[in-house]
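Asks: Have a look at this one.
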Amino acid sequence: LDYLVDRLGETEDAILASAIRLPMLGYTGVAVWQEEGIIWIHNTAKPVIGHETVDMSALWDGETIQFGVVSDNHGGSKFEALDALRNFYTQCANRGIGTVYHAGDITDGYYNIRPTSIFEQNAVGFTNQVDWVCDNYPEVDGITTMFITGNHDVTHFRNGFAEIGVHIQDRRPDLVYLGQDIANVEMTPNLTISLFHPNDKPVQSLDMRLRKLINDNPALTGQILLVGHYHKYASTCYNGVYGYCVPSFQKQTPFMTRCNIQSVVGGLIFTVRVDREGNLLSIGTEFIGYDQ
């Protein structure tokens, strides 16, 4: 608090009042405490307030668009299905696919509330997980991966205010960071896809979960919605939006087994047809699964 008073030129009361208001603005994990006579203020996660749309329409060429979709490889986890992920990228390359979208959790992160999770990791901590992804994530000539970060990735921000997506992109130009939790990508002037990584608990009815996500999240503007986090494959069409739960590239972990959660390993290949104005005509999806 003393530092903030000096840096901002505000009174202690004004700063404390602002800190109290932070949760109402969407910030989570705000803590104010006193230790040895010093008042500390800590915020562990920034809010998601609005998201820019990435315009890819200039690259649109033709009435058929193909792209790959992956999610939740949890880089640095001992249970990351790297061989399967590499095979998926090889299949994309063989089909001439130039873009793969990643729906979050490109790293395994570190949850303070799960301290024993480090025993399930090949790479522990921010720097080691950046190194792991940059050294091991598939790098294929002609393929760009556009990714958002998910709840595991954002633990690094909570623990040390470090945005891991930025650092991965700096090291790997083929891995393009679109932002935290949500991104909208304009494929054509009249077709947008949304990437979303929620942070709720798995549910039995993924169809109903997709419908609720479509209904409750105005920031998701796409006609195609790609959702990570659940490690499952499911799809629905609701209110004019085609929603998909994207499977994972992380094998079953002890944590998942204890929580009675199944991880489905695989990726999706989309073949989308549009008219001359770029309006959506049809969607073809292929699930490429891997036994783990």
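The chains in the structure tokens are called A, B, ... from first to last as shown; in each chain the residues are counted from 1, and the ligands are counted from 1 in the order shown.
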Near region 95-98 of chain A, within 10 Å and counting only C-alpha atoms, which residues show up once chain neighbours fewer than 2 positions away are dropped, as number ranges by chain?
Replies: A: 65-68, 89-93, 100, 140-145, 269-270
Asks: Residues near region 221-235 of chain A, anyone? I mean within 8 Å using only C-alpha atoms, not counting same-chain ones fewer than 4 positions away, as a PyMOL selection string.
Replies: chain A and resi 71-72+103-105+150+184-185+191-199+202+206-207+210+240-248+262-265
Asks: Nearest residue to Gly125 (chain A) out of A:Ile288, A:Ala183, A:Leu281, A:Ile164, using only C-alpha atoms?
Replies: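 Closest to Gly125 (chain A), using only C-alpha atoms: A:Ile164.
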Asks: Interatomic distance between CA of Gln252 (chain A) and CA of Asn128 (chain A)?
Replies: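 For CA of Gln252 (chain A) relative to CA of Asn128 (chain A), the distance reads 22.3 Å.
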Asks: If we count only C-alpha atoms and set the cut-off at 7 Å, which residues sit around Glu80 (chain A), ignoring sequence neighbours fewer than 4 positions away in its own chain? Please answer as a VMD selection string.
Replies: chain A and resid 73 to 75 249 to 251
Asks: Step one, run DSSP on the backbone; step two, keep only residues of region 82-166 of chain A assigned to strand (DSSP E); then write them as a list in words.
Replies: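 Here are the strand (DSSP E) residues of region 82-166 of chain A: Thr99, Val100, Tyr101, His102, Thr144, Thr145, Met146, Phe147, Ile148 and Thr149 of chain A.
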Asks: May I have the selected residues written with C-alpha atoms, as a compact mmCIF listing (two decimals), in the first residue's frame?
Replies:
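Result went into part-v3.txt, see below:
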```txt
# COMPACT_ATOMS: atom_id res chain seq x y z
CA THR A 99 -4.25 -22.93 -40.08
CA VAL A 100 -4.95 -24.78 -36.85
CA TYR A 101 -6.99 -23.12 -34.09
CA HIS A 102 -6.21 -23.97 -30.46
CA THR A 144 0.18 -21.45 -38.35
CA THR A 145 -1.45 -22.20 -35.00
CA MET A 146 -3.69 -19.47 -33.62
CA PHE A 147 -4.34 -20.00 -29.91
CA ILE A 148 -6.07 -18.59 -26.88
CA THR A 149 -5.04 -19.29 -23.30
```
Asks: Taking into account only C-alpha atoms, which residue in the set A:Asp6, A:Asp108, A:Asp55, A:Asp200 is nearest to Thr253 (chain A)?
Replies: A:Asp108
Asks: Go through A:Glu139, A:Val130, A:Asp153, A:Leu268 one by one, measure the shortest atom-to-atom distance of each to Gly109 (chain A) using only C-alpha atoms, and give the residue with the smallest value.
Replies: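 Once distances to Gly109 (chain A) are computed over only C-alpha atoms, the minimum belongs to A:Asp153.
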Asks: Would you return as a VMD selection string the members of region 2-105 of chain A that DSSP assigns to helix (DSSP H, G or I) on this structure's backbone?
Replies: chain A and resid 2 to 8 12 to 25 57 to 59 82 to 94
Asks: Need the shell around Met208 (chain A): protein/DNA/RNA residues with any atom at most 10 Å away, counting only C-alpha atoms. Skip same-chain ones fewer than 4 positions apart. Format as a list in words?
Replies: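 The residues that qualify are Val203, Gln204, Lys212, Leu213, Ile214, Ser235, Thr236 and Tyr238 of chain A.
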Asks: Take the residues just selected and output them with N, CA and C atoms as a PDB file, in the first residue's frame.
Replies:
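part.pdb written:
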```
ATOM      1  N   VAL A 203     -19.839 -31.114 -17.114  1.00  0.00           N
ATOM      2  CA  VAL A 203     -21.250 -31.424 -16.916  1.00  0.00           C
ATOM      3  C   VAL A 203     -21.604 -32.663 -17.738  1.00  0.00           C
ATOM      4  N   GLN A 204     -22.744 -33.272 -17.393  1.00  0.00           N
ATOM      5  CA  GLN A 204     -23.165 -34.479 -18.094  1.00  0.00           C
ATOM      6  C   GLN A 204     -23.646 -34.161 -19.502  1.00  0.00           C
ATOM      7  N   LYS A 212     -26.095 -23.122 -23.498  1.00  0.00           N
ATOM      8  CA  LYS A 212     -26.026 -22.071 -22.475  1.00  0.00           C
ATOM      9  C   LYS A 212     -24.887 -21.096 -22.789  1.00  0.00           C
ATOM     10  N   LEU A 213     -23.746 -21.614 -23.240  1.00  0.00           N
ATOM     11  CA  LEU A 213     -22.632 -20.744 -23.594  1.00  0.00           C
ATOM     12  C   LEU A 213     -23.020 -19.805 -24.732  1.00  0.00           C
ATOM     13  N   ILE A 214     -23.729 -20.345 -25.727  1.00  0.00           N
ATOM     14  CA  ILE A 214     -24.175 -19.530 -26.852  1.00  0.00           C
ATOM     15  C   ILE A 214     -25.147 -18.462 -26.376  1.00  0.00           C
ATOM     16  N   SER A 235     -21.364 -31.588 -30.250  1.00  0.00           N
ATOM     17  CA  SER A 235     -21.755 -30.499 -31.142  1.00  0.00           C
ATOM     18  C   SER A 235     -23.240 -30.222 -31.005  1.00  0.00           C
ATOM     19  N   THR A 236     -23.614 -29.004 -31.389  1.00  0.00           N
ATOM     20  CA  THR A 236     -25.021 -28.607 -31.367  1.00  0.00           C
ATOM     21  C   THR A 236     -25.204 -27.472 -32.346  1.00  0.00           C
ATOM     22  N   TYR A 238     -27.679 -24.045 -32.369  1.00  0.00           N
ATOM     23  CA  TYR A 238     -28.645 -23.345 -31.516  1.00  0.00           C
ATOM     24  C   TYR A 238     -28.598 -21.855 -31.828  1.00  0.00           C
TER      25      TYR A 238
END
```
